[in-house]
file input.txt (compact mmCIF, N, CA and C atoms)
# COMPACT_ATOMS: atom_id res chain seq x y z
N MET A 1 6.32 -163.26 -82.52
CA MET A 1 7.14 -162.26 -83.17
C MET A 1 6.25 -161.42 -84.08
N ARG A 2 6.52 -160.15 -84.10
CA ARG A 2 5.82 -159.22 -84.99
C ARG A 2 6.87 -158.52 -85.84
N VAL A 3 6.68 -158.57 -87.15
CA VAL A 3 7.59 -157.95 -88.10
C VAL A 3 6.78 -157.02 -88.97
N SER A 4 7.27 -155.81 -89.19
CA SER A 4 6.57 -154.91 -90.10
C SER A 4 7.58 -154.14 -90.95
N MET A 5 7.16 -153.81 -92.15
CA MET A 5 8.00 -153.06 -93.07
C MET A 5 7.12 -152.25 -93.99
N THR A 6 7.55 -151.05 -94.30
CA THR A 6 6.87 -150.20 -95.25
C THR A 6 7.85 -149.85 -96.36
N LEU A 7 7.39 -149.99 -97.59
CA LEU A 7 8.23 -149.71 -98.76
C LEU A 7 7.51 -148.74 -99.67
N SER A 8 8.27 -147.94 -100.37
CA SER A 8 7.73 -147.10 -101.43
C SER A 8 8.62 -147.36 -102.64
N LEU A 9 8.08 -148.07 -103.61
CA LEU A 9 8.86 -148.49 -104.77
C LEU A 9 8.38 -147.74 -106.01
N PRO A 10 9.27 -147.58 -107.00
CA PRO A 10 8.84 -146.91 -108.23
C PRO A 10 7.79 -147.74 -108.97
N ARG A 11 6.94 -147.08 -109.70
CA ARG A 11 5.88 -147.75 -110.46
C ARG A 11 6.47 -148.34 -111.73
N GLN A 12 7.14 -149.47 -111.56
CA GLN A 12 7.75 -150.17 -112.69
C GLN A 12 7.68 -151.67 -112.44
N PRO A 13 7.70 -152.49 -113.48
CA PRO A 13 7.53 -153.93 -113.31
C PRO A 13 8.51 -154.58 -112.33
N SER A 14 9.74 -154.13 -112.28
CA SER A 14 10.72 -154.75 -111.38
C SER A 14 10.34 -154.58 -109.91
N SER A 15 9.50 -153.62 -109.59
CA SER A 15 9.07 -153.42 -108.21
C SER A 15 8.19 -154.56 -107.72
N VAL A 16 7.49 -155.22 -108.64
CA VAL A 16 6.65 -156.37 -108.26
C VAL A 16 7.56 -157.47 -107.72
N THR A 17 8.64 -157.74 -108.42
CA THR A 17 9.60 -158.76 -107.99
C THR A 17 10.26 -158.36 -106.68
N ARG A 18 10.63 -157.10 -106.55
CA ARG A 18 11.27 -156.63 -105.30
C ARG A 18 10.34 -156.81 -104.12
N ALA A 19 9.07 -156.46 -104.27
CA ALA A 19 8.11 -156.60 -103.18
C ALA A 19 7.96 -158.06 -102.77
N ARG A 20 7.89 -158.94 -103.77
CA ARG A 20 7.76 -160.38 -103.48
C ARG A 20 8.99 -160.90 -102.74
N HIS A 21 10.18 -160.44 -103.14
CA HIS A 21 11.42 -160.87 -102.45
C HIS A 21 11.46 -160.38 -101.01
N VAL A 22 11.03 -159.16 -100.77
CA VAL A 22 10.99 -158.63 -99.40
C VAL A 22 10.04 -159.46 -98.55
N LEU A 23 8.85 -159.74 -99.07
CA LEU A 23 7.88 -160.56 -98.34
C LEU A 23 8.45 -161.95 -98.05
N THR A 24 9.07 -162.56 -99.03
CA THR A 24 9.66 -163.89 -98.85
C THR A 24 10.73 -163.87 -97.75
N THR A 25 11.54 -162.83 -97.74
CA THR A 25 12.57 -162.70 -96.71
C THR A 25 11.95 -162.56 -95.32
N LEU A 26 10.92 -161.72 -95.21
CA LEU A 26 10.26 -161.55 -93.91
C LEU A 26 9.59 -162.85 -93.46
N LEU A 27 8.96 -163.55 -94.38
CA LEU A 27 8.31 -164.81 -94.02
C LEU A 27 9.31 -165.88 -93.60
N SER A 28 10.55 -165.78 -94.08
CA SER A 28 11.56 -166.76 -93.69
C SER A 28 11.92 -166.65 -92.21
N LEU A 29 11.55 -165.55 -91.59
CA LEU A 29 11.80 -165.36 -90.16
C LEU A 29 10.72 -166.02 -89.30
N THR A 30 9.69 -166.57 -89.93
CA THR A 30 8.56 -167.14 -89.22
C THR A 30 8.49 -168.65 -89.41
N ASP A 31 7.51 -169.25 -88.76
CA ASP A 31 7.24 -170.68 -88.94
C ASP A 31 6.11 -170.93 -89.94
N ALA A 32 5.83 -169.95 -90.79
CA ALA A 32 4.72 -170.10 -91.74
C ALA A 32 4.99 -171.26 -92.70
N ALA A 33 3.96 -172.04 -92.94
CA ALA A 33 4.07 -173.20 -93.83
C ALA A 33 4.17 -172.74 -95.29
N GLU A 34 4.63 -173.64 -96.13
CA GLU A 34 4.84 -173.33 -97.54
C GLU A 34 3.55 -172.91 -98.25
N ASP A 35 2.42 -173.49 -97.89
CA ASP A 35 1.19 -173.09 -98.57
C ASP A 35 0.84 -171.64 -98.27
N SER A 36 1.04 -171.20 -97.03
CA SER A 36 0.81 -169.80 -96.69
C SER A 36 1.78 -168.89 -97.42
N ARG A 37 3.03 -169.29 -97.47
CA ARG A 37 4.06 -168.49 -98.17
C ARG A 37 3.73 -168.37 -99.65
N GLY A 38 3.30 -169.47 -100.25
CA GLY A 38 2.97 -169.45 -101.67
C GLY A 38 1.77 -168.57 -101.96
N HIS A 39 0.73 -168.67 -101.14
CA HIS A 39 -0.46 -167.83 -101.34
C HIS A 39 -0.10 -166.35 -101.18
N LEU A 40 0.71 -166.04 -100.17
CA LEU A 40 1.10 -164.64 -99.96
C LEU A 40 1.96 -164.11 -101.11
N ALA A 41 2.80 -164.96 -101.68
CA ALA A 41 3.61 -164.53 -102.83
C ALA A 41 2.72 -164.16 -104.01
N VAL A 42 1.68 -164.97 -104.24
CA VAL A 42 0.74 -164.67 -105.32
C VAL A 42 -0.04 -163.40 -105.00
N LEU A 43 -0.46 -163.25 -103.75
CA LEU A 43 -1.25 -162.08 -103.36
C LEU A 43 -0.48 -160.79 -103.55
N ILE A 44 0.77 -160.73 -103.09
CA ILE A 44 1.53 -159.49 -103.23
C ILE A 44 1.89 -159.24 -104.69
N THR A 45 2.14 -160.31 -105.43
CA THR A 45 2.44 -160.16 -106.86
C THR A 45 1.26 -159.55 -107.60
N GLU A 46 0.08 -160.09 -107.40
CA GLU A 46 -1.11 -159.58 -108.10
C GLU A 46 -1.45 -158.15 -107.68
N ALA A 47 -1.38 -157.87 -106.37
CA ALA A 47 -1.70 -156.52 -105.90
C ALA A 47 -0.71 -155.49 -106.44
N CYS A 48 0.57 -155.81 -106.42
CA CYS A 48 1.58 -154.88 -106.92
C CYS A 48 1.49 -154.73 -108.44
N ALA A 49 1.23 -155.82 -109.15
CA ALA A 49 1.08 -155.74 -110.60
C ALA A 49 -0.08 -154.82 -110.97
N ASN A 50 -1.19 -154.91 -110.23
CA ASN A 50 -2.32 -154.01 -110.49
C ASN A 50 -1.93 -152.56 -110.24
N ALA A 51 -1.17 -152.30 -109.17
CA ALA A 51 -0.74 -150.93 -108.88
C ALA A 51 0.18 -150.41 -109.98
N VAL A 52 1.06 -151.25 -110.48
CA VAL A 52 1.96 -150.84 -111.55
C VAL A 52 1.18 -150.58 -112.84
N LEU A 53 0.24 -151.45 -113.17
CA LEU A 53 -0.51 -151.32 -114.42
C LEU A 53 -1.50 -150.16 -114.41
N HIS A 54 -2.15 -149.93 -113.26
CA HIS A 54 -3.28 -149.01 -113.23
C HIS A 54 -3.03 -147.70 -112.48
N GLY A 55 -1.87 -147.55 -111.84
CA GLY A 55 -1.60 -146.33 -111.08
C GLY A 55 -1.25 -145.16 -111.99
N HIS A 56 -1.28 -143.96 -111.43
CA HIS A 56 -0.86 -142.78 -112.17
C HIS A 56 0.60 -142.95 -112.59
N PRO A 57 0.96 -142.42 -113.75
CA PRO A 57 2.33 -142.62 -114.25
C PRO A 57 3.44 -142.18 -113.29
N ASP A 58 3.23 -141.11 -112.55
CA ASP A 58 4.28 -140.62 -111.64
C ASP A 58 4.08 -141.10 -110.21
N SER A 59 3.26 -142.13 -110.01
CA SER A 59 2.93 -142.62 -108.68
C SER A 59 3.91 -143.70 -108.24
N ALA A 60 4.21 -143.72 -106.97
CA ALA A 60 4.97 -144.82 -106.38
C ALA A 60 4.00 -145.93 -105.97
N VAL A 61 4.53 -147.11 -105.76
CA VAL A 61 3.74 -148.22 -105.22
C VAL A 61 4.11 -148.31 -103.74
N ASP A 62 3.16 -148.02 -102.88
CA ASP A 62 3.39 -148.02 -101.43
C ASP A 62 2.92 -149.35 -100.86
N ILE A 63 3.81 -150.01 -100.13
CA ILE A 63 3.53 -151.36 -99.63
C ILE A 63 3.80 -151.41 -98.13
N THR A 64 2.87 -151.96 -97.39
CA THR A 64 3.07 -152.25 -95.97
C THR A 64 2.89 -153.74 -95.77
N ILE A 65 3.82 -154.35 -95.06
CA ILE A 65 3.76 -155.77 -94.73
C ILE A 65 3.86 -155.88 -93.22
N ILE A 66 2.87 -156.53 -92.60
CA ILE A 66 2.91 -156.78 -91.17
C ILE A 66 2.66 -158.26 -90.96
N ILE A 67 3.59 -158.91 -90.29
CA ILE A 67 3.45 -160.33 -89.97
C ILE A 67 3.43 -160.45 -88.47
N ASP A 68 2.36 -161.04 -87.95
CA ASP A 68 2.22 -161.26 -86.51
C ASP A 68 1.97 -162.74 -86.30
N ASP A 69 3.01 -163.47 -85.93
CA ASP A 69 2.82 -164.91 -85.74
C ASP A 69 2.81 -165.30 -84.27
N ASP A 70 2.57 -164.32 -83.39
CA ASP A 70 2.45 -164.63 -81.97
C ASP A 70 1.01 -164.97 -81.61
N ASP A 71 0.15 -163.97 -81.66
CA ASP A 71 -1.23 -164.16 -81.22
C ASP A 71 -2.17 -164.47 -82.39
N ASP A 72 -2.10 -163.64 -83.43
CA ASP A 72 -3.07 -163.73 -84.51
C ASP A 72 -2.65 -164.67 -85.63
N ASP A 73 -1.38 -164.95 -85.76
CA ASP A 73 -0.87 -165.75 -86.88
C ASP A 73 -1.43 -165.23 -88.19
N VAL A 74 -1.19 -163.96 -88.46
CA VAL A 74 -1.76 -163.32 -89.64
C VAL A 74 -0.70 -162.47 -90.34
N CYS A 75 -0.86 -162.33 -91.64
CA CYS A 75 -0.05 -161.42 -92.43
C CYS A 75 -1.00 -160.40 -93.05
N LEU A 76 -0.66 -159.13 -92.89
CA LEU A 76 -1.43 -158.04 -93.47
C LEU A 76 -0.58 -157.41 -94.57
N LEU A 77 -1.17 -157.29 -95.75
CA LEU A 77 -0.53 -156.61 -96.87
C LEU A 77 -1.38 -155.42 -97.26
N GLU A 78 -0.76 -154.27 -97.42
CA GLU A 78 -1.45 -153.11 -97.96
C GLU A 78 -0.64 -152.61 -99.13
N VAL A 79 -1.31 -152.46 -100.25
CA VAL A 79 -0.66 -151.97 -101.47
C VAL A 79 -1.46 -150.79 -101.96
N GLY A 80 -0.78 -149.66 -102.12
CA GLY A 80 -1.47 -148.45 -102.53
C GLY A 80 -0.69 -147.69 -103.58
N ASN A 81 -1.40 -146.80 -104.24
CA ASN A 81 -0.80 -145.93 -105.25
C ASN A 81 -1.75 -144.79 -105.55
N ARG A 82 -1.24 -143.77 -106.22
CA ARG A 82 -2.13 -142.70 -106.66
C ARG A 82 -2.94 -143.20 -107.82
N GLY A 83 -4.21 -142.98 -107.76
CA GLY A 83 -5.12 -143.44 -108.80
C GLY A 83 -6.52 -143.46 -108.24
N SER A 84 -7.37 -144.21 -108.89
CA SER A 84 -8.75 -144.34 -108.40
C SER A 84 -9.13 -145.81 -108.38
N THR A 85 -10.02 -146.13 -107.46
CA THR A 85 -10.50 -147.50 -107.36
C THR A 85 -11.20 -147.87 -108.66
N PRO A 86 -10.88 -149.03 -109.22
CA PRO A 86 -11.49 -149.42 -110.50
C PRO A 86 -13.01 -149.48 -110.41
N ASN A 87 -13.68 -148.92 -111.40
CA ASN A 87 -15.14 -148.94 -111.46
C ASN A 87 -15.64 -150.36 -111.63
N GLY A 88 -16.48 -150.79 -110.72
CA GLY A 88 -17.09 -152.10 -110.84
C GLY A 88 -16.12 -153.26 -110.69
N ALA A 89 -14.89 -152.99 -110.33
CA ALA A 89 -13.89 -154.06 -110.24
C ALA A 89 -13.68 -154.43 -108.78
N GLY A 90 -14.77 -154.72 -108.12
CA GLY A 90 -14.65 -155.16 -106.74
C GLY A 90 -13.95 -156.50 -106.67
N LEU A 91 -13.62 -156.90 -105.48
CA LEU A 91 -12.89 -158.15 -105.33
C LEU A 91 -13.77 -159.37 -105.54
N ASP A 92 -15.06 -159.14 -105.73
CA ASP A 92 -15.95 -160.26 -106.04
C ASP A 92 -16.21 -160.34 -107.54
N ALA A 93 -15.39 -159.64 -108.32
CA ALA A 93 -15.56 -159.63 -109.76
C ALA A 93 -15.44 -161.06 -110.31
N GLU A 94 -16.18 -161.32 -111.37
CA GLU A 94 -16.13 -162.64 -111.98
C GLU A 94 -14.92 -162.74 -112.89
N LEU A 95 -14.49 -163.96 -113.11
CA LEU A 95 -13.38 -164.19 -114.03
C LEU A 95 -13.79 -163.80 -115.44
N PRO A 96 -12.86 -163.28 -116.22
CA PRO A 96 -13.18 -162.95 -117.61
C PRO A 96 -13.32 -164.22 -118.45
N ALA A 97 -13.75 -164.06 -119.66
CA ALA A 97 -13.85 -165.19 -120.59
C ALA A 97 -12.48 -165.87 -120.71
N PRO A 98 -12.46 -167.16 -120.94
CA PRO A 98 -11.20 -167.91 -120.95
C PRO A 98 -10.11 -167.36 -121.88
N LEU A 99 -10.46 -166.79 -123.01
CA LEU A 99 -9.45 -166.31 -123.95
C LEU A 99 -9.08 -164.84 -123.74
N THR A 100 -9.69 -164.20 -122.75
CA THR A 100 -9.39 -162.81 -122.46
C THR A 100 -8.03 -162.71 -121.79
N VAL A 101 -7.22 -161.74 -122.24
CA VAL A 101 -5.93 -161.50 -121.63
C VAL A 101 -6.13 -160.57 -120.44
N GLY A 102 -5.67 -160.97 -119.26
CA GLY A 102 -5.78 -160.13 -118.07
C GLY A 102 -7.13 -160.24 -117.40
N GLY A 103 -7.27 -159.49 -116.31
CA GLY A 103 -8.54 -159.43 -115.60
C GLY A 103 -8.75 -160.50 -114.55
N ARG A 104 -7.71 -161.25 -114.22
CA ARG A 104 -7.85 -162.33 -113.25
C ARG A 104 -7.27 -161.98 -111.88
N GLY A 105 -6.57 -160.87 -111.78
CA GLY A 105 -5.88 -160.51 -110.54
C GLY A 105 -6.79 -160.34 -109.34
N LEU A 106 -7.83 -159.53 -109.47
CA LEU A 106 -8.71 -159.29 -108.33
C LEU A 106 -9.48 -160.53 -107.92
N PRO A 107 -10.04 -161.31 -108.85
CA PRO A 107 -10.69 -162.55 -108.42
C PRO A 107 -9.72 -163.54 -107.77
N LEU A 108 -8.48 -163.57 -108.24
CA LEU A 108 -7.48 -164.44 -107.63
C LEU A 108 -7.16 -163.99 -106.21
N ILE A 109 -7.03 -162.69 -106.02
CA ILE A 109 -6.80 -162.14 -104.68
C ILE A 109 -7.96 -162.52 -103.76
N ALA A 110 -9.19 -162.35 -104.25
CA ALA A 110 -10.36 -162.68 -103.44
C ALA A 110 -10.38 -164.16 -103.06
N ALA A 111 -9.94 -165.01 -103.97
CA ALA A 111 -9.96 -166.45 -103.72
C ALA A 111 -8.89 -166.89 -102.71
N LEU A 112 -7.73 -166.26 -102.73
CA LEU A 112 -6.62 -166.70 -101.89
C LEU A 112 -6.55 -166.00 -100.53
N ALA A 113 -7.08 -164.81 -100.42
CA ALA A 113 -6.99 -164.03 -99.18
C ALA A 113 -8.11 -164.44 -98.22
N ASP A 114 -7.84 -164.25 -96.93
CA ASP A 114 -8.91 -164.41 -95.94
C ASP A 114 -9.84 -163.20 -95.99
N THR A 115 -9.26 -162.02 -96.12
CA THR A 115 -10.04 -160.81 -96.37
C THR A 115 -9.26 -159.96 -97.36
N ALA A 116 -9.98 -159.24 -98.18
CA ALA A 116 -9.36 -158.32 -99.13
C ALA A 116 -10.40 -157.27 -99.50
N ALA A 117 -9.99 -156.01 -99.44
CA ALA A 117 -10.93 -154.94 -99.76
C ALA A 117 -10.17 -153.68 -100.10
N PHE A 118 -10.77 -152.87 -100.96
CA PHE A 118 -10.28 -151.52 -101.17
C PHE A 118 -10.74 -150.71 -99.97
N VAL A 119 -9.84 -149.98 -99.34
CA VAL A 119 -10.19 -149.19 -98.16
C VAL A 119 -9.91 -147.72 -98.43
N ALA A 120 -10.57 -146.88 -97.65
CA ALA A 120 -10.41 -145.44 -97.81
C ALA A 120 -8.99 -145.03 -97.45
N GLY A 121 -8.45 -144.18 -98.26
CA GLY A 121 -7.12 -143.63 -98.01
C GLY A 121 -7.15 -142.16 -98.33
N PRO A 122 -5.98 -141.58 -98.53
CA PRO A 122 -5.94 -140.16 -98.92
C PRO A 122 -6.69 -139.96 -100.24
N PRO A 123 -7.13 -138.73 -100.50
CA PRO A 123 -7.81 -138.46 -101.78
C PRO A 123 -6.92 -138.86 -102.96
N ASP A 124 -7.54 -139.36 -104.02
CA ASP A 124 -6.84 -139.81 -105.23
C ASP A 124 -5.81 -140.90 -104.95
N HIS A 125 -6.12 -141.75 -103.99
CA HIS A 125 -5.20 -142.83 -103.61
C HIS A 125 -6.01 -144.12 -103.51
N VAL A 126 -5.48 -145.17 -104.10
CA VAL A 126 -6.11 -146.49 -104.02
C VAL A 126 -5.33 -147.30 -102.99
N LEU A 127 -6.03 -147.96 -102.08
CA LEU A 127 -5.38 -148.78 -101.07
C LEU A 127 -6.11 -150.11 -100.98
N LEU A 128 -5.39 -151.18 -101.25
CA LEU A 128 -5.93 -152.53 -101.17
C LEU A 128 -5.35 -153.19 -99.93
N ARG A 129 -6.23 -153.62 -99.03
CA ARG A 129 -5.82 -154.27 -97.78
C ARG A 129 -6.17 -155.75 -97.86
N ILE A 130 -5.17 -156.58 -97.62
CA ILE A 130 -5.31 -158.03 -97.72
C ILE A 130 -4.84 -158.66 -96.41
N THR A 131 -5.59 -159.62 -95.89
CA THR A 131 -5.12 -160.39 -94.74
C THR A 131 -5.13 -161.88 -95.10
N LYS A 132 -4.16 -162.57 -94.56
CA LYS A 132 -4.05 -164.01 -94.76
C LYS A 132 -3.57 -164.63 -93.45
N HIS A 133 -4.34 -165.58 -92.92
CA HIS A 133 -3.91 -166.28 -91.72
C HIS A 133 -2.80 -167.25 -92.10
N LEU A 134 -1.79 -167.30 -91.28
CA LEU A 134 -0.64 -168.15 -91.55
C LEU A 134 -0.86 -169.54 -91.00
N THR A 135 -0.64 -170.52 -91.84
CA THR A 135 -0.64 -171.90 -91.39
C THR A 135 0.74 -172.17 -90.82
N ASP A 136 0.79 -172.64 -89.61
CA ASP A 136 2.07 -172.93 -88.95
C ASP A 136 2.64 -174.21 -89.52
N VAL A 137 3.93 -174.20 -89.79
CA VAL A 137 4.57 -175.38 -90.35
C VAL A 137 4.40 -176.60 -89.44
N ARG A 138 4.28 -176.36 -88.13
CA ARG A 138 4.11 -177.47 -87.18
C ARG A 138 2.70 -178.06 -87.25
N SER A 139 1.72 -177.26 -87.72
CA SER A 139 0.35 -177.76 -87.74
C SER A 139 -0.12 -178.14 -89.13
N SER A 140 0.73 -177.97 -90.13
CA SER A 140 0.30 -178.33 -91.49
C SER A 140 0.42 -179.84 -91.68
N PRO A 141 -0.49 -180.39 -92.47
CA PRO A 141 -0.48 -181.85 -92.66
C PRO A 141 0.78 -182.32 -93.38
N THR A 142 1.26 -183.49 -93.02
CA THR A 142 2.43 -184.04 -93.71
C THR A 142 2.01 -184.63 -95.03
N ARG A 143 2.91 -184.60 -95.95
CA ARG A 143 2.58 -185.08 -97.30
C ARG A 143 3.28 -186.35 -97.58
call {"tool": "encode", "arguments": {"input": "input.txt", "output": "structure tokens"}}
result
Amino acid sequence: MRVSMTLSLPRQPSSVTRARHVLTTLLSLTDAAEDSRGHLAVLITEACANAVLHGHPDSAVDITIIIDDDDDDVCLLEVGNRGSTPNGAGLDAELPAPLTVGGRGLPLIAALADTAAFVAGPPDHVLLRITKHLTDVRSSPTR
């Protein structure tokens, strides 16, 4: 089965929750295991939170979700907004000092995703592409 959805949400904190709920609903149509679902929930939350925090004030948060559990068993997330790619904030960024507030989103995305990168998009647009292979509930270890 292949499921895809594109959303354009307002740049406000409640959009992070809405995006996570949409992803959760789409994943409920698949056999993805709980660990994959949990990782994807964190990934979309962090990516959308960054778009809300760092995007242009009048920018929407554009989200694409593609789940292909037939051949590739993969979920693709793309989160974009008007703005610019953070200077020096690549996905291999180090964690901030323990008492620093914030700054953990991109390293967390890098740790949980199979691939994650800022990709070229329209001018003045930031686009973060994330892929995560889905663990099938039938193949996940029993606890």
call {"tool": "residues_around", "arguments": {"input": "input.txt", "residues": "Ile66 (chain A)", "least_positions_apart": "5", "cutoff": "8 Å", "atoms": "all atoms listed in the file", "output": "ChimeraX atom specification"}}
result
/A:2-6,74-78
call {"tool": "closest_residue", "arguments": {"input": "input.txt", "among": "A:Ala110, A:Val79, A:Leu40, A:Met1", "to": "His125 (chain A)", "atoms": "only C-alpha atoms"}}
result
A:Val79
call {"tool": "closest_residue", "arguments": {"input": "input.txt", "among": "A:Leu7, A:Ala111, A:Val22, A:Ala33", "to": "Asp136 (chain A)", "atoms": "all atoms listed in the file"}}
result
A:Ala33
call {"tool": "axis_aligned_box", "arguments": {"input": "input.txt", "around": "region 23-42 of chain A", "padding_each_side": "4 Å", "output": "JSON"}}
result
{"center_x": 6.1, "center_y": -166.7, "center_z": -97.0, "size_x": 21.0, "size_y": 21.9, "size_z": 24.6}
call {"tool": "atom_distance", "arguments": {"input": "input.txt", "atom1": "atom N of Pro123 (chain A)", "atom2": "atom N of Gly55 (chain A)"}}
result
15.3 Å
call {"tool": "select_by_dssp", "arguments": {"input": "input.txt", "residues": "region 12-139 of chain A", "states": "helix (DSSP H, G or I)", "output": "ChimeraX atom specification"}}
result
/A:14-27,34-54,105-112
call {"tool": "closest_residue", "arguments": {"input": "input.txt", "among": "A:Leu29, A:Leu9, A:Ala47, A:Ala41", "to": "Gly105 (chain A)", "atoms": "only N, CA and C atoms"}}
result
A:Ala47
call {"tool": "closest_residue", "arguments": {"input": "input.txt", "among": "A:Asp31, A:His56, A:Val61, A:Arg82", "to": "Ser14 (chain A)", "atoms": "only C-alpha atoms"}}
result
A:Val61
call {"tool": "select_by_dssp", "arguments": {"input": "input.txt", "residues": "region 3-143 of chain A", "states": "strand (DSSP E)", "output": "ChimeraX atom specification"}}
result
/A:3-10,60-68,74-82,115-119,125-133
call {"tool": "write_last_selection", "arguments": {"input": "input.txt", "atoms": "N, CA and C atoms", "output": "compact mmCIF listing (two decimals), in the frame of the given file"}}
result
# COMPACT_ATOMS: atom_id res chain seq x y z
N VAL A 3 6.68 -158.57 -87.15
CA VAL A 3 7.59 -157.95 -88.10
C VAL A 3 6.78 -157.02 -88.97
N SER A 4 7.27 -155.81 -89.19
CA SER A 4 6.57 -154.91 -90.10
C SER A 4 7.58 -154.14 -90.95
N MET A 5 7.16 -153.81 -92.15
CA MET A 5 8.00 -153.06 -93.07
C MET A 5 7.12 -152.25 -93.99
N THR A 6 7.55 -151.05 -94.30
CA THR A 6 6.87 -150.20 -95.25
C THR A 6 7.85 -149.85 -96.36
N LEU A 7 7.39 -149.99 -97.59
CA LEU A 7 8.23 -149.71 -98.76
C LEU A 7 7.51 -148.74 -99.67
N SER A 8 8.27 -147.94 -100.37
CA SER A 8 7.73 -147.10 -101.43
C SER A 8 8.62 -147.36 -102.64
N LEU A 9 8.08 -148.07 -103.61
CA LEU A 9 8.86 -148.49 -104.77
C LEU A 9 8.38 -147.74 -106.01
N PRO A 10 9.27 -147.58 -107.00
CA PRO A 10 8.84 -146.91 -108.23
C PRO A 10 7.79 -147.74 -108.97
N ALA A 60 4.21 -143.72 -106.97
CA ALA A 60 4.97 -144.82 -106.38
C ALA A 60 4.00 -145.93 -105.97
N VAL A 61 4.53 -147.11 -105.76
CA VAL A 61 3.74 -148.22 -105.22
C VAL A 61 4.11 -148.31 -103.74
N ASP A 62 3.16 -148.02 -102.88
CA ASP A 62 3.39 -148.02 -101.43
C ASP A 62 2.92 -149.35 -100.86
N ILE A 63 3.81 -150.01 -100.13
CA ILE A 63 3.53 -151.36 -99.63
C ILE A 63 3.80 -151.41 -98.13
N THR A 64 2.87 -151.96 -97.39
CA THR A 64 3.07 -152.25 -95.97
C THR A 64 2.89 -153.74 -95.77
N ILE A 65 3.82 -154.35 -95.06
CA ILE A 65 3.76 -155.77 -94.73
C ILE A 65 3.86 -155.88 -93.22
N ILE A 66 2.87 -156.53 -92.60
CA ILE A 66 2.91 -156.78 -91.17
C ILE A 66 2.66 -158.26 -90.96
N ILE A 67 3.59 -158.91 -90.29
CA ILE A 67 3.45 -160.33 -89.97
C ILE A 67 3.43 -160.45 -88.47
N ASP A 68 2.36 -161.04 -87.95
CA ASP A 68 2.22 -161.26 -86.51
C ASP A 68 1.97 -162.74 -86.30
N VAL A 74 -1.19 -163.96 -88.46
CA VAL A 74 -1.76 -163.32 -89.64
C VAL A 74 -0.70 -162.47 -90.34
N CYS A 75 -0.86 -162.33 -91.64
CA CYS A 75 -0.05 -161.42 -92.43
C CYS A 75 -1.00 -160.40 -93.05
N LEU A 76 -0.66 -159.13 -92.89
CA LEU A 76 -1.43 -158.04 -93.47
C LEU A 76 -0.58 -157.41 -94.57
N LEU A 77 -1.17 -157.29 -95.75
CA LEU A 77 -0.53 -156.61 -96.87
C LEU A 77 -1.38 -155.42 -97.26
N GLU A 78 -0.76 -154.27 -97.42
CA GLU A 78 -1.45 -153.11 -97.96
C GLU A 78 -0.64 -152.61 -99.13
N VAL A 79 -1.31 -152.46 -100.25
CA VAL A 79 -0.66 -151.97 -101.47
C VAL A 79 -1.46 -150.79 -101.96
N GLY A 80 -0.78 -149.66 -102.12
CA GLY A 80 -1.47 -148.45 -102.53
C GLY A 80 -0.69 -147.69 -103.58
N ASN A 81 -1.40 -146.80 -104.24
CA ASN A 81 -0.80 -145.93 -105.25
C ASN A 81 -1.75 -144.79 -105.55
N ARG A 82 -1.24 -143.77 -106.22
CA ARG A 82 -2.13 -142.70 -106.66
C ARG A 82 -2.94 -143.20 -107.82
N THR A 115 -9.26 -162.02 -96.12
CA THR A 115 -10.04 -160.81 -96.37
C THR A 115 -9.26 -159.96 -97.36
N ALA A 116 -9.98 -159.24 -98.18
CA ALA A 116 -9.36 -158.32 -99.13
C ALA A 116 -10.40 -157.27 -99.50
N ALA A 117 -9.99 -156.01 -99.44
CA ALA A 117 -10.93 -154.94 -99.76
C ALA A 117 -10.17 -153.68 -100.10
N PHE A 118 -10.77 -152.87 -100.96
CA PHE A 118 -10.28 -151.52 -101.17
C PHE A 118 -10.74 -150.71 -99.97
N VAL A 119 -9.84 -149.98 -99.34
CA VAL A 119 -10.19 -149.19 -98.16
C VAL A 119 -9.91 -147.72 -98.43
N HIS A 125 -6.12 -141.75 -103.99
CA HIS A 125 -5.20 -142.83 -103.61
C HIS A 125 -6.01 -144.12 -103.51
N VAL A 126 -5.48 -145.17 -104.10
CA VAL A 126 -6.11 -146.49 -104.02
C VAL A 126 -5.33 -147.30 -102.99
N LEU A 127 -6.03 -147.96 -102.08
CA LEU A 127 -5.38 -148.78 -101.07
C LEU A 127 -6.11 -150.11 -100.98
N LEU A 128 -5.39 -151.18 -101.25
CA LEU A 128 -5.93 -152.53 -101.17
C LEU A 128 -5.35 -153.19 -99.93
N ARG A 129 -6.23 -153.62 -99.03
CA ARG A 129 -5.82 -154.27 -97.78
C ARG A 129 -6.17 -155.75 -97.86
N ILE A 130 -5.17 -156.58 -97.62
CA ILE A 130 -5.31 -158.03 -97.72
C ILE A 130 -4.84 -158.66 -96.41
N THR A 131 -5.59 -159.62 -95.89
CA THR A 131 -5.12 -160.39 -94.74
C THR A 131 -5.13 -161.88 -95.10
N LYS A 132 -4.16 -162.57 -94.56
CA LYS A 132 -4.05 -164.01 -94.76
C LYS A 132 -3.57 -164.63 -93.45
N HIS A 133 -4.34 -165.58 -92.92
CA HIS A 133 -3.91 -166.28 -91.72
C HIS A 133 -2.80 -167.25 -92.10
call {"tool": "atom_distance", "arguments": {"input": "input.txt", "atom1": "atom C of Ala120 (chain A)", "atom2": "atom N of Gly80 (chain A)"}}
result
10.5 Å
call {"tool": "residues_around", "arguments": {"input": "input.txt", "residues": "Cys48 (chain A)", "least_positions_apart": "2", "cutoff": "8 Å", "atoms": "all atoms listed in the file", "output": "number ranges by chain"}}
result
A: 12-13, 15-17, 19, 42-46, 50-54, 61, 79-80
call {"tool": "closest_residue", "arguments": {"input": "input.txt", "among": "A:Thr135, A:Leu108, A:Pro122, A:Gly83", "to": "Thr30 (chain A)", "atoms": "only C-alpha atoms"}}
result
A:Thr135
call {"tool": "atom_distance", "arguments": {"input": "input.txt", "atom1": "CA of Thr64 (chain A)", "atom2": "CA of Thr131 (chain A)"}}
result
11.6 Å
call {"tool": "decode", "arguments": {"input": "input.txt", "residues": "region 52-58 of chain A", "atoms": "C-alpha atoms", "output": "CSV table (one decimal), in the first residue's frame"}}
result
chain,number,residue,atom,x,y,z
A,52,VAL,CA,7.3,27.0,13.3
A,53,LEU,CA,10.2,28.5,15.4
A,54,HIS,CA,12.5,29.6,12.6
A,55,GLY,CA,10.2,30.2,9.5
A,56,HIS,CA,9.2,33.6,8.2
A,57,PRO,CA,6.3,35.1,10.2
A,58,ASP,CA,3.9,34.9,7.3
